[in-house]
Structures are given as C-alpha cells and as structure tokens.
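Have a look at entry.tsv; it's TSV, C-alpha atoms:
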chain	number	residue	atom	x	y	z
A	2	MET	CA	-3.51	-25.74	147.83
A	3	LYS	CA	-2.38	-27.32	151.09
A	4	ARG	CA	-1.20	-30.43	149.25
A	5	LEU	CA	0.78	-28.25	146.83
A	6	VAL	CA	2.50	-26.48	149.68
A	7	MET	CA	3.31	-29.80	151.32
A	8	MET	CA	4.66	-31.20	148.05
A	9	PHE	CA	7.12	-28.43	147.54
A	10	CYS	CA	7.81	-27.94	151.25
A	11	CYS	CA	7.81	-24.22	150.92
A	12	CYS	CA	5.47	-21.31	151.00
A	13	LEU	CA	5.30	-18.02	149.19
A	14	ILE	CA	5.46	-15.06	151.56
A	15	ALA	CA	5.58	-11.52	150.18
A	16	GLY	CA	6.99	-12.75	146.90
A	17	GLN	CA	9.85	-14.69	148.54
A	18	VAL	CA	10.05	-18.48	148.77
A	19	TRP	CA	10.85	-19.72	152.27
A	20	ALA	CA	11.72	-23.28	153.22
A	21	ASP	CA	9.74	-24.70	156.12
A	22	THR	CA	11.07	-28.22	156.27
A	23	CYS	CA	14.25	-30.15	155.61
A	24	HIS	CA	12.33	-32.50	153.38
A	25	TRP	CA	14.14	-30.80	150.52
A	26	PRO	CA	12.57	-32.03	147.25
A	27	GLN	CA	15.52	-31.09	145.04
A	28	TRP	CA	17.96	-32.88	147.34
A	29	GLN	CA	15.69	-35.91	147.54
A	30	ARG	CA	15.61	-36.20	143.77
A	31	PHE	CA	19.35	-35.61	143.39
A	32	SER	CA	20.10	-38.22	146.02
A	33	GLN	CA	17.89	-40.77	144.32
A	34	GLN	CA	19.07	-40.04	140.77
A	35	TYR	CA	22.77	-39.40	141.21
A	36	ILE	CA	24.01	-41.07	144.40
A	37	SER	CA	24.54	-44.80	144.68
A	38	ARG	CA	23.55	-46.78	147.74
A	39	GLU	CA	27.21	-46.83	148.78
A	40	GLY	CA	27.57	-43.04	148.58
A	41	ARG	CA	29.09	-42.47	145.14
A	42	VAL	CA	27.91	-39.38	143.22
A	43	ILE	CA	27.56	-40.50	139.60
A	44	ASP	CA	27.88	-38.09	136.69
A	45	PRO	CA	26.22	-39.77	133.68
A	46	THR	CA	26.69	-36.81	131.34
A	47	ASP	CA	29.13	-38.44	128.90
A	48	GLY	CA	27.80	-41.97	129.36
A	49	ASN	CA	30.82	-43.13	131.36
A	50	ASN	CA	29.21	-42.73	134.80
A	51	ILE	CA	32.29	-41.13	136.29
A	52	THR	CA	32.68	-39.78	139.79
A	53	THR	CA	34.68	-36.68	140.68
A	54	SER	CA	35.90	-35.34	143.98
A	55	GLU	CA	33.81	-32.28	143.07
A	56	GLY	CA	30.64	-34.34	143.03
A	57	GLN	CA	31.48	-35.94	146.37
A	58	SER	CA	32.25	-32.58	147.96
A	59	TYR	CA	29.00	-31.01	146.78
A	60	GLY	CA	27.05	-34.07	147.89
A	61	LEU	CA	28.51	-33.76	151.38
A	62	PHE	CA	27.57	-30.09	151.57
A	63	PHE	CA	23.99	-30.68	150.43
A	64	ALA	CA	23.59	-33.60	152.84
A	65	LEU	CA	24.63	-31.31	155.70
A	66	VAL	CA	22.21	-28.61	154.57
A	67	ALA	CA	19.46	-31.26	154.47
A	68	ASN	CA	20.42	-32.64	157.91
A	69	ASP	CA	20.80	-36.01	156.20
A	70	ARG	CA	23.53	-37.54	158.35
A	71	ASN	CA	23.16	-41.10	157.11
A	72	ARG	CA	23.74	-39.99	153.54
A	73	PHE	CA	26.56	-37.71	154.68
A	74	ASP	CA	28.40	-40.63	156.25
A	75	GLN	CA	27.90	-42.78	153.15
A	76	LEU	CA	29.35	-40.05	150.97
A	77	LEU	CA	32.25	-39.45	153.33
A	78	ASN	CA	33.11	-43.14	153.66
A	79	TRP	CA	33.00	-43.71	149.92
A	80	THR	CA	35.15	-40.64	149.27
A	81	GLU	CA	37.76	-41.63	151.83
A	82	ASN	CA	37.92	-45.29	150.84
A	83	ASN	CA	37.91	-44.84	147.06
A	84	LEU	CA	39.51	-41.45	146.39
A	85	ALA	CA	41.96	-41.19	149.30
A	86	ALA	CA	43.02	-44.83	149.82
A	87	GLY	CA	41.22	-45.01	153.13
A	88	ASP	CA	42.50	-41.86	154.83
A	89	LEU	CA	41.51	-38.29	153.95
A	90	THR	CA	43.92	-36.96	156.54
A	91	ALA	CA	46.91	-38.72	154.96
A	92	ARG	CA	46.35	-37.87	151.29
A	93	LEU	CA	44.29	-35.57	149.12
A	94	PRO	CA	41.51	-37.31	147.14
A	95	GLY	CA	42.11	-38.10	143.49
A	96	TRP	CA	39.80	-36.01	141.39
A	97	LEU	CA	38.55	-38.60	138.86
A	98	TRP	CA	37.20	-42.13	139.39
A	99	GLY	CA	35.63	-44.42	136.81
A	100	LYS	CA	35.96	-47.44	134.54
A	101	LYS	CA	39.50	-48.28	133.47
A	102	PRO	CA	40.50	-49.69	130.06
A	103	ASP	CA	40.76	-53.18	131.57
A	104	GLY	CA	37.16	-52.99	132.77
A	105	SER	CA	37.92	-52.48	136.44
A	106	TRP	CA	36.79	-49.43	138.39
A	107	GLY	CA	39.06	-47.08	140.27
A	108	ILE	CA	40.94	-43.78	140.23
A	109	LEU	CA	41.61	-42.58	136.69
A	110	ASP	CA	43.61	-39.50	137.69
A	111	THR	CA	45.31	-39.20	141.08
A	112	ASN	CA	45.85	-35.45	140.81
A	113	SER	CA	43.82	-33.38	143.26
A	114	ALA	CA	41.20	-30.70	142.64
A	115	SER	CA	41.62	-28.00	145.24
A	116	ASP	CA	38.09	-26.63	145.01
A	117	SER	CA	36.72	-30.03	145.96
A	118	ASP	CA	39.30	-30.42	148.71
A	119	LEU	CA	38.34	-27.01	150.09
A	120	TRP	CA	34.61	-27.84	150.08
A	121	ILE	CA	35.22	-31.18	151.81
A	122	ALA	CA	37.35	-29.60	154.54
A	123	TYR	CA	34.88	-26.76	155.03
A	124	THR	CA	31.89	-29.08	155.17
A	125	LEU	CA	33.60	-31.38	157.67
A	126	LEU	CA	34.36	-28.41	159.94
A	127	GLU	CA	30.79	-27.16	159.70
A	128	ALA	CA	29.38	-30.66	160.20
A	129	GLY	CA	31.51	-30.90	163.32
A	130	ARG	CA	30.11	-27.62	164.59
A	131	LEU	CA	26.47	-28.13	163.64
A	132	TRP	CA	26.24	-31.82	164.56
A	133	ARG	CA	28.63	-31.42	167.52
A	134	SER	CA	30.97	-34.10	166.25
A	135	ARG	CA	34.64	-33.91	167.21
A	136	GLY	CA	35.43	-36.63	164.64
A	137	TYR	CA	34.33	-34.50	161.71
A	138	GLN	CA	36.10	-31.50	163.22
A	139	VAL	CA	39.42	-33.30	163.55
A	140	MET	CA	39.22	-34.80	160.07
A	141	GLY	CA	38.39	-31.43	158.53
A	142	THR	CA	41.24	-29.72	160.39
A	143	LEU	CA	43.82	-32.29	159.33
A	144	LEU	CA	42.61	-32.25	155.72
A	145	LEU	CA	42.79	-28.47	155.68
A	146	GLN	CA	46.36	-28.56	156.94
A	147	ARG	CA	47.28	-30.98	154.16
A	148	ILE	CA	45.66	-28.71	151.56
A	149	ALA	CA	47.76	-25.82	152.86
A	150	ARG	CA	50.95	-27.90	152.62
A	151	GLU	CA	50.36	-29.42	149.20
A	152	GLU	CA	48.22	-26.97	147.21
A	153	VAL	CA	49.06	-23.49	148.53
A	154	VAL	CA	52.01	-21.61	147.01
A	155	MET	CA	53.58	-18.15	147.05
A	156	ILE	CA	53.22	-16.56	143.62
A	157	PRO	CA	55.75	-13.78	143.06
A	158	GLY	CA	54.09	-10.42	142.61
A	159	LEU	CA	50.65	-11.75	143.52
A	160	GLY	CA	50.70	-13.41	146.93
A	161	ILE	CA	49.84	-16.67	148.67
A	162	MET	CA	47.40	-18.62	146.51
A	163	LEU	CA	45.57	-21.92	146.42
A	164	MET	CA	46.49	-23.69	143.18
A	165	PRO	CA	43.83	-25.67	141.28
A	166	GLY	CA	45.62	-28.92	142.13
A	167	LYS	CA	48.88	-30.41	143.33
A	168	ILE	CA	50.52	-30.62	139.93
A	169	GLY	CA	50.16	-29.32	136.38
A	170	PHE	CA	49.18	-25.70	136.92
A	171	SER	CA	52.48	-23.85	137.03
A	172	GLU	CA	55.58	-23.38	134.94
A	173	SER	CA	58.73	-21.41	135.66
A	174	ASN	CA	57.12	-17.97	135.63
A	175	SER	CA	53.47	-18.75	134.96
A	176	TRP	CA	50.58	-19.90	137.15
A	177	ARG	CA	47.19	-21.05	135.80
A	178	LEU	CA	44.26	-20.26	138.09
A	179	ASN	CA	40.52	-20.86	138.19
A	180	PRO	CA	38.49	-17.95	139.68
A	181	SER	CA	35.60	-20.25	140.66
A	182	TYR	CA	37.73	-22.53	142.84
A	183	GLN	CA	37.81	-20.40	145.98
A	184	PRO	CA	34.43	-19.23	147.32
A	185	PRO	CA	35.18	-16.18	149.52
A	186	GLN	CA	32.81	-17.32	152.27
A	187	LEU	CA	34.69	-20.60	152.62
A	188	LEU	CA	37.99	-18.76	152.92
A	189	SER	CA	36.49	-16.46	155.57
A	190	ARG	CA	35.47	-19.47	157.63
A	191	LEU	CA	38.79	-21.25	157.16
A	192	ALA	CA	40.71	-18.11	158.10
A	193	GLN	CA	39.42	-18.71	161.64
A	194	THR	CA	41.56	-21.85	161.80
A	195	GLU	CA	44.88	-20.77	160.25
A	196	LYS	CA	46.39	-17.43	159.22
A	197	VAL	CA	47.33	-18.74	155.79
A	198	TRP	CA	43.68	-18.83	154.70
A	199	GLY	CA	43.23	-15.15	155.44
A	200	GLU	CA	46.23	-14.50	153.20
A	201	VAL	CA	44.77	-16.72	150.49
A	202	ALA	CA	41.51	-14.76	150.80
A	203	GLN	CA	43.34	-11.49	150.15
A	204	THR	CA	45.05	-12.89	147.05
A	205	ASN	CA	41.78	-14.41	145.87
A	206	ARG	CA	40.20	-10.97	146.07
A	207	LYS	CA	42.87	-9.69	143.70
A	208	LEU	CA	42.09	-12.56	141.35
A	209	LEU	CA	38.37	-11.77	141.38
A	210	LEU	CA	38.77	-8.02	140.84
A	211	GLU	CA	41.94	-7.67	138.77
A	212	GLY	CA	41.59	-10.93	136.84
A	213	ALA	CA	38.24	-9.82	135.41
A	214	PRO	CA	38.91	-6.28	134.13
A	215	ALA	CA	35.67	-6.16	132.12
A	216	GLY	CA	33.56	-7.34	135.05
A	217	VAL	CA	32.98	-10.78	133.52
A	218	ALA	CA	34.40	-13.93	135.10
A	219	ALA	CA	36.71	-16.18	133.09
A	220	ASP	CA	36.89	-19.94	133.38
A	221	TRP	CA	40.69	-19.77	133.67
A	222	VAL	CA	43.25	-16.98	133.89
A	223	VAL	CA	47.03	-16.90	134.03
A	224	TRP	CA	49.40	-14.88	136.20
A	225	GLN	CA	52.82	-14.31	134.68
A	226	LYS	CA	55.76	-12.98	136.64
A	227	GLU	CA	56.51	-9.37	135.68
A	228	LYS	CA	53.56	-9.34	133.23
A	229	GLY	CA	50.59	-9.84	135.54
A	230	TRP	CA	47.24	-11.17	134.39
A	231	GLN	CA	47.09	-12.87	131.00
A	232	THR	CA	44.47	-14.71	128.95
A	233	ASP	CA	44.66	-18.46	129.36
A	234	SER	CA	46.14	-20.04	126.24
A	235	LYS	CA	44.03	-23.21	126.61
A	236	THR	CA	40.56	-21.76	127.09
A	237	GLY	CA	41.05	-18.24	125.77
A	238	ALA	CA	38.97	-15.31	127.02
A	239	THR	CA	36.01	-17.55	127.77
A	240	GLY	CA	33.62	-17.49	130.68
A	241	ASP	CA	30.94	-20.16	130.82
A	242	TYR	CA	30.55	-23.42	132.76
A	243	ASP	CA	33.26	-22.84	135.36
A	244	ALA	CA	32.82	-19.09	135.57
A	245	ILE	CA	29.09	-19.23	136.36
A	246	ARG	CA	30.04	-20.34	139.87
A	247	VAL	CA	31.84	-17.05	140.53
A	248	TYR	CA	28.53	-15.18	140.41
A	249	LEU	CA	26.93	-17.89	142.54
A	250	TRP	CA	29.52	-17.64	145.32
A	251	LEU	CA	29.47	-13.82	145.35
A	252	GLY	CA	25.69	-13.68	145.42
A	253	MET	CA	25.60	-16.01	148.42
A	254	LEU	CA	27.98	-13.89	150.50
A	255	ALA	CA	26.35	-12.46	153.62
A	256	GLU	CA	25.09	-8.93	153.10
A	257	ASP	CA	27.53	-7.66	155.73
A	258	ALA	CA	30.47	-9.70	154.43
A	259	PRO	CA	33.51	-7.43	153.97
A	260	GLY	CA	33.90	-6.32	150.37
A	261	LYS	CA	30.72	-7.92	149.05
A	262	SER	CA	29.30	-4.69	147.62
A	263	GLU	CA	32.47	-3.99	145.66
A	264	LEU	CA	32.63	-7.49	144.25
A	265	VAL	CA	28.97	-7.60	143.24
A	266	ALA	CA	29.22	-4.14	141.68
A	267	HIS	CA	32.31	-5.21	139.73
A	268	TYR	CA	30.46	-8.11	138.13
A	269	GLN	CA	27.28	-6.23	137.21
A	270	PRO	CA	27.93	-6.69	133.45
A	271	MET	CA	26.66	-10.27	133.83
A	272	ALA	CA	23.51	-9.01	135.55
A	273	LYS	CA	22.94	-6.56	132.69
A	274	LEU	CA	23.49	-9.23	130.04
A	275	THR	CA	20.93	-11.44	131.76
A	276	GLN	CA	18.47	-8.60	132.27
A	277	ASP	CA	18.71	-7.46	128.64
A	278	ALA	CA	18.36	-10.94	127.12
A	279	GLY	CA	15.90	-12.28	129.67
A	280	LEU	CA	18.10	-15.34	130.19
A	281	PRO	CA	21.77	-15.73	131.11
A	282	PRO	CA	24.24	-16.16	128.27
A	283	GLU	CA	26.03	-19.45	127.87
A	284	THR	CA	29.40	-17.93	127.00
A	285	VAL	CA	30.88	-14.47	127.46
A	286	ASP	CA	34.10	-13.15	125.96
A	287	THR	CA	35.85	-11.73	129.01
A	288	GLN	CA	37.79	-9.21	126.96
A	289	THR	CA	34.99	-7.76	124.84
A	290	GLY	CA	31.97	-8.60	127.01
A	291	LYS	CA	30.20	-10.13	124.00
A	292	ALA	CA	27.73	-12.85	124.91
A	293	THR	CA	26.74	-15.86	122.83
A	294	GLY	CA	24.19	-18.62	123.31
A	295	THR	CA	21.68	-19.15	126.10
A	296	GLY	CA	22.82	-20.74	129.32
A	297	PRO	CA	21.02	-23.86	130.58
A	298	VAL	CA	18.56	-23.78	133.43
A	299	GLY	CA	21.36	-24.36	135.92
A	300	PHE	CA	22.82	-20.97	134.97
A	301	SER	CA	19.52	-19.32	135.89
A	302	ALA	CA	19.59	-21.11	139.24
A	303	ALA	CA	23.20	-20.11	139.88
A	304	LEU	CA	22.35	-16.44	139.30
A	305	LEU	CA	19.42	-16.34	141.74
A	306	PRO	CA	21.52	-15.13	144.69
A	307	PHE	CA	23.52	-12.70	142.53
A	308	LEU	CA	20.35	-11.13	141.10
A	309	ALA	CA	18.59	-10.89	144.47
A	310	GLY	CA	15.81	-8.31	144.48
A	311	SER	CA	15.93	-7.53	140.77
A	312	PRO	CA	13.28	-8.22	138.10
A	313	ALA	CA	15.80	-10.51	136.43
A	314	GLN	CA	15.85	-12.70	139.54
A	315	ALA	CA	12.11	-13.28	139.41
A	316	ALA	CA	12.35	-14.31	135.76
A	317	GLN	CA	15.15	-16.78	136.47
A	318	ARG	CA	13.28	-18.23	139.44
A	319	GLU	CA	10.23	-18.85	137.26
A	320	ARG	CA	12.39	-20.59	134.68
A	321	VAL	CA	14.05	-22.83	137.26
A	322	ILE	CA	10.81	-23.84	138.98
A	323	ASN	CA	9.02	-24.53	135.69
A	324	ASN	CA	11.96	-26.29	133.99
A	325	PRO	CA	13.81	-28.45	136.53
A	326	PRO	CA	16.92	-30.22	135.20
A	327	GLY	CA	16.49	-33.77	133.97
A	328	SER	CA	17.93	-36.96	135.40
A	329	ASP	CA	20.92	-36.80	133.06
A	330	ALA	CA	22.05	-33.27	133.91
A	331	TYR	CA	24.39	-33.63	136.88
A	332	TYR	CA	25.95	-30.15	136.75
A	333	ASN	CA	22.66	-28.34	136.16
A	334	ASN	CA	21.21	-30.18	139.13
A	335	VAL	CA	24.17	-29.15	141.29
A	336	LEU	CA	23.78	-25.50	140.31
A	337	THR	CA	20.05	-25.74	141.01
A	338	LEU	CA	20.62	-27.20	144.46
A	339	PHE	CA	22.99	-24.38	145.28
A	340	GLY	CA	21.01	-21.51	143.78
A	341	LEU	CA	17.42	-22.54	144.42
A	342	GLY	CA	18.33	-23.99	147.81
A	343	TRP	CA	19.73	-20.61	148.83
A	344	ASP	CA	16.76	-18.80	147.32
A	345	GLN	CA	14.35	-20.96	149.29
A	346	GLN	CA	16.24	-20.27	152.51
A	347	TYR	CA	17.44	-23.79	153.20
A	348	TYR	CA	20.82	-22.30	154.04
A	349	ARG	CA	22.80	-19.09	154.29
A	350	PHE	CA	26.38	-18.04	155.09
A	351	ASN	CA	27.02	-15.48	157.82
A	352	GLN	CA	29.66	-12.75	157.85
A	353	GLN	CA	32.32	-15.18	159.10
A	354	GLY	CA	31.46	-17.71	156.40
A	355	GLU	CA	29.76	-20.10	158.80
A	356	LEU	CA	26.90	-22.16	157.42
A	357	GLN	CA	23.44	-21.32	158.69
A	358	VAL	CA	20.85	-24.04	158.10
A	359	SER	CA	17.10	-23.94	158.55
A	360	TRP	CA	17.02	-27.08	160.70
A	361	GLU	CA	19.37	-25.47	163.23
A	362	LYS	CA	16.41	-23.37	164.36
A	363	ASP	CA	14.11	-26.38	164.69
A	364	THR	CA	12.19	-25.39	161.56
A	365	CYS	CA	13.12	-28.63	159.83
A	366	LYS	CA	12.84	-32.30	160.56
A	367	ASN	CA	15.79	-34.62	160.25
A	368	ILE	CA	15.18	-36.57	157.03
A	369	HIS	CA	17.40	-39.61	157.60

Here is the file; what I need is its structure written in the form of structure tokens.
Amino acid sequence: MKRLVMMFCCCLIAGQVWADTCHWPQWQRFSQQYISREGRVIDPTDGNNITTSEGQSYGLFFALVANDRNRFDQLLNWTENNLAAGDLTARLPGWLWGKKPDGSWGILDTNSASDSDLWIAYTLLEAGRLWRSRGYQVMGTLLLQRIAREEVVMIPGLGIMLMPGKIGFSESNSWRLNPSYQPPQLLSRLAQTEKVWGEVAQTNRKLLLEGAPAGVAADWVVWQKEKGWQTDSKTGATGDYDAIRVYLWLGMLAEDAPGKSELVAHYQPMAKLTQDAGLPPETVDTQTGKATGTGPVGFSAALLPFLAGSPAQAAQRERVINNPPGSDAYYNNVLTLFGLGWDQQYYRFNQQGELQVSWEKDTCKNIH
C-alpha cells in the first residue's frame, strides 16, 4: 500500500484526494510525451506534430504548478524565440507553428490567440511572485500591456472586450467571441495591474451569463450591434471541445470569488446532463439543450471542479483515474492536468485570482 501511495504521490483522506508532493505523475508523463528537449509542446493529434501558443501557455502554467523551473524556462525560451521572433514584449506570439510546404519548420499563422496570450502573461506574473523573479514580472507586465493595446476593443452596446485574436474576428457591426477564452480568475488577477482588465471582466460576465441563455456554453457566439447575442454562423449552436473549458474555469473559481454562485447555478444544465447520463455529453445544442455523444475522458476531468461534492464528481473521478488519456491525446491530457490537478490539490486560485500551489507551503519538493 505504501508503494502505491508513493507511486501516485497522493493519499485518500475522507474521500478526497490530496497531493503531498510536487512529483506530479500526470505532469511528468505529459512533459515526457509532449514536450521536446528544447521546450516545444507537440500536438500529434493530426499527425502533423504542430505546436500552438495554447500548448506553450498551458505548459508554462503546469510547470509553475509543478515547481519545475528548468522546464518553465525551456518552454518560455522556445515560445519567445520561435513564436515571437525573440521578444514576447515586442510582439504577440503567432498561434500556429509547424512544417511548411517547403519542408522547413516555422510559424504557419502569425495571427495571435488571445487566450494563450492571457495565460502566458498571467503565468509570468505569478511565476514572478511565487519564484520572486523580477524578470518574469516585467515580461508579464509588458506582454499584458501589449495584449491590451492589440487585442482589447470597445464593442458598442456590450463593453470593453478581449477579442479572440488580433485580426479576423470582427466585421462592421459584428464581433465573434469565444466564451472559453477568458477565465474569470485570470481577469481578477490581472485587474490588479490595470483598470482595463476589471472592465473586461465585467463584459466577460455578460458573455458568460447572457451569451448562454439555456445555461449551456457555446464554442463561439456573436454579438451584433443593435441585435445583441446571435448564434455563430460558422459553428452553429454547438458546445463541445472549446466550451468544456467554460465549466472548468468556473468550477476552479475560489468559493468566495464574487459571482461564482450565480455563474455555477446558471450552468447547472451541464451538471444535470452529466448526472443523468453518467458521463458528460460530447456535444450540446445550446439552443435546445439536447445532448449527443459521450465526451472523452478529458471532459470528465474538466468537470471535476464544476461537479465538486456531487455524486457525479465521484463517478467522473473514477473514470479519469481508471482511464488516463493516451500518448496521442494532447487535449485530453491538458484537460486532465487542469481538472485532476485541481482535484488533487496541486493548485488553487484565491479570491483575487492568485495562484496557490502546494509547494508554496513546503509540502512539495522541487522536481527540477
């Protein structure tokens, strides 16, 4: 039994899994399977071994949670040198990197992805605070200022909003938005640095509540001037692989975070769908609430925080622990690191959105 506890680096106390070391097995496996020696997060899903700014941003966050500073620096250096032409403070990272038609490797799309940019800036600020590094703090601050200049806009009738990227998401009177791109806890933390992020947080709250009238998150929604919220013409009334993150972010909000109870209550239809079926649906029609398919194991992991304390949570935890994602399932592994990592108490967010990590209290060993 002792060997089993050591293997999984956790113990079961009163039905709750608690982390007792920063030797985080899921992170160790992810790092070995998906991150190159140079610090590139590789997504092998479609066989092209691409890298996205999303993958780099999540890798940075997980490395900080694991107190893995060597890996953190590798990820940061690769991101800056390959996605931002050597300077994250001078330009936003391109979102897609991979093999070009001529056989060379490099940026395939220079447009930015604001969710990734936000995670990178947030993680740099928190790395600066937790590791007491002014360098990370300065880089994160300058990147955040650039995000505000290049990706934040005033949408008439709605408010100040973070767009999904620098270009391609707005027309004359229409703005296309992704509800999963702005975790409320990140905005709470960033609001401590500049007023604009508090304003973005208020608009984001409107998006989360008003943009999901049936209490089910959509992958994409559209705001039209003088018409308000509309179904996205490209993806329709669909909520699946992007939308699952909305429930994840809301579930991970601190219990005393302002407005958490209202947000979680608003999205209870997803909890009921999962409870009734035993497993989360893969796709939900956001207009009718009709569910189809069974979500992969990563969906179960993503819902662990959202379902906290319910019988449905215990069932999803059992599924995740007994059916870990394979070595070719990048996104499912990411969702598992987020959801199961939170469930096992490797990290939390406080009321202000600051990251709380287990190693900060000397309960973990530095793994690098």

Counting all atoms listed in the file, what is within 12 Å of Leu84 in chain A, bar same-chain residues fewer than 3 positions away, as a ChimeraX atom specification? /A:41,52-58,76-81,87-99,106-114,117-118

With 12 Å as the threshold, what does the neighbourhood of (27.7, -10.8, 150.0) contain in terms of residues, counting only C-alpha atoms? Coordinates are those of the file; answer as a VMD selection string. chain A and resid 184 to 186 189 248 to 266 306 to 309 349 to 354

What are the closest atom pairs, with distances in Å to one decimal, for each residue of range 199-291 of chain A lying within 12 Å of range 321-332 of chain A, using only C-alpha atoms, rows by chain and rising residue number, as JSON lines?
{"residue": "A:Tyr242", "atom": "CA", "partner": "A:Tyr332", "partner_atom": "CA", "distance": 9.1}
{"residue": "A:Asp243", "atom": "CA", "partner": "A:Tyr332", "partner_atom": "CA", "distance": 10.4}
{"residue": "A:Ile245", "atom": "CA", "partner": "A:Tyr332", "partner_atom": "CA", "distance": 11.4}
{"residue": "A:Arg246", "atom": "CA", "partner": "A:Tyr332", "partner_atom": "CA", "distance": 11.1}
{"residue": "A:Leu280", "atom": "CA", "partner": "A:Val321", "partner_atom": "CA", "distance": 11.1}

For His24 in chain A, which of A:Asp116, A:Asp69, A:Asp103, A:Glu361 is the closest residue, counting all atoms listed in the file?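 Of the candidates, the smallest distance to His24 in chain A is held by A:Asp69.
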
Taking 6 positions as the minimum chain separation for residues in the same chain, which residues sit within 8 Å of range 209-211 of chain A when counting all atoms listed in the file? Answer as a list in words.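 Within the cut-off, the hits are Pro180, Ala218, Trp230, Leu264 and His267 of chain A.
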
Residues at most 9 Å from Gln27 in chain A, counting all atoms listed in the file, excluding those fewer than 6 positions away in the same chain, as a CSV table (one decimal) with C-alpha atoms, keeping the file's coordinate frame?
chain,number,residue,atom,x,y,z
A,334,ASN,CA,21.2,-30.2,139.1
A,337,THR,CA,20.0,-25.7,141.0
A,338,LEU,CA,20.6,-27.2,144.5
A,341,LEU,CA,17.4,-22.5,144.4
A,342,GLY,CA,18.3,-24.0,147.8
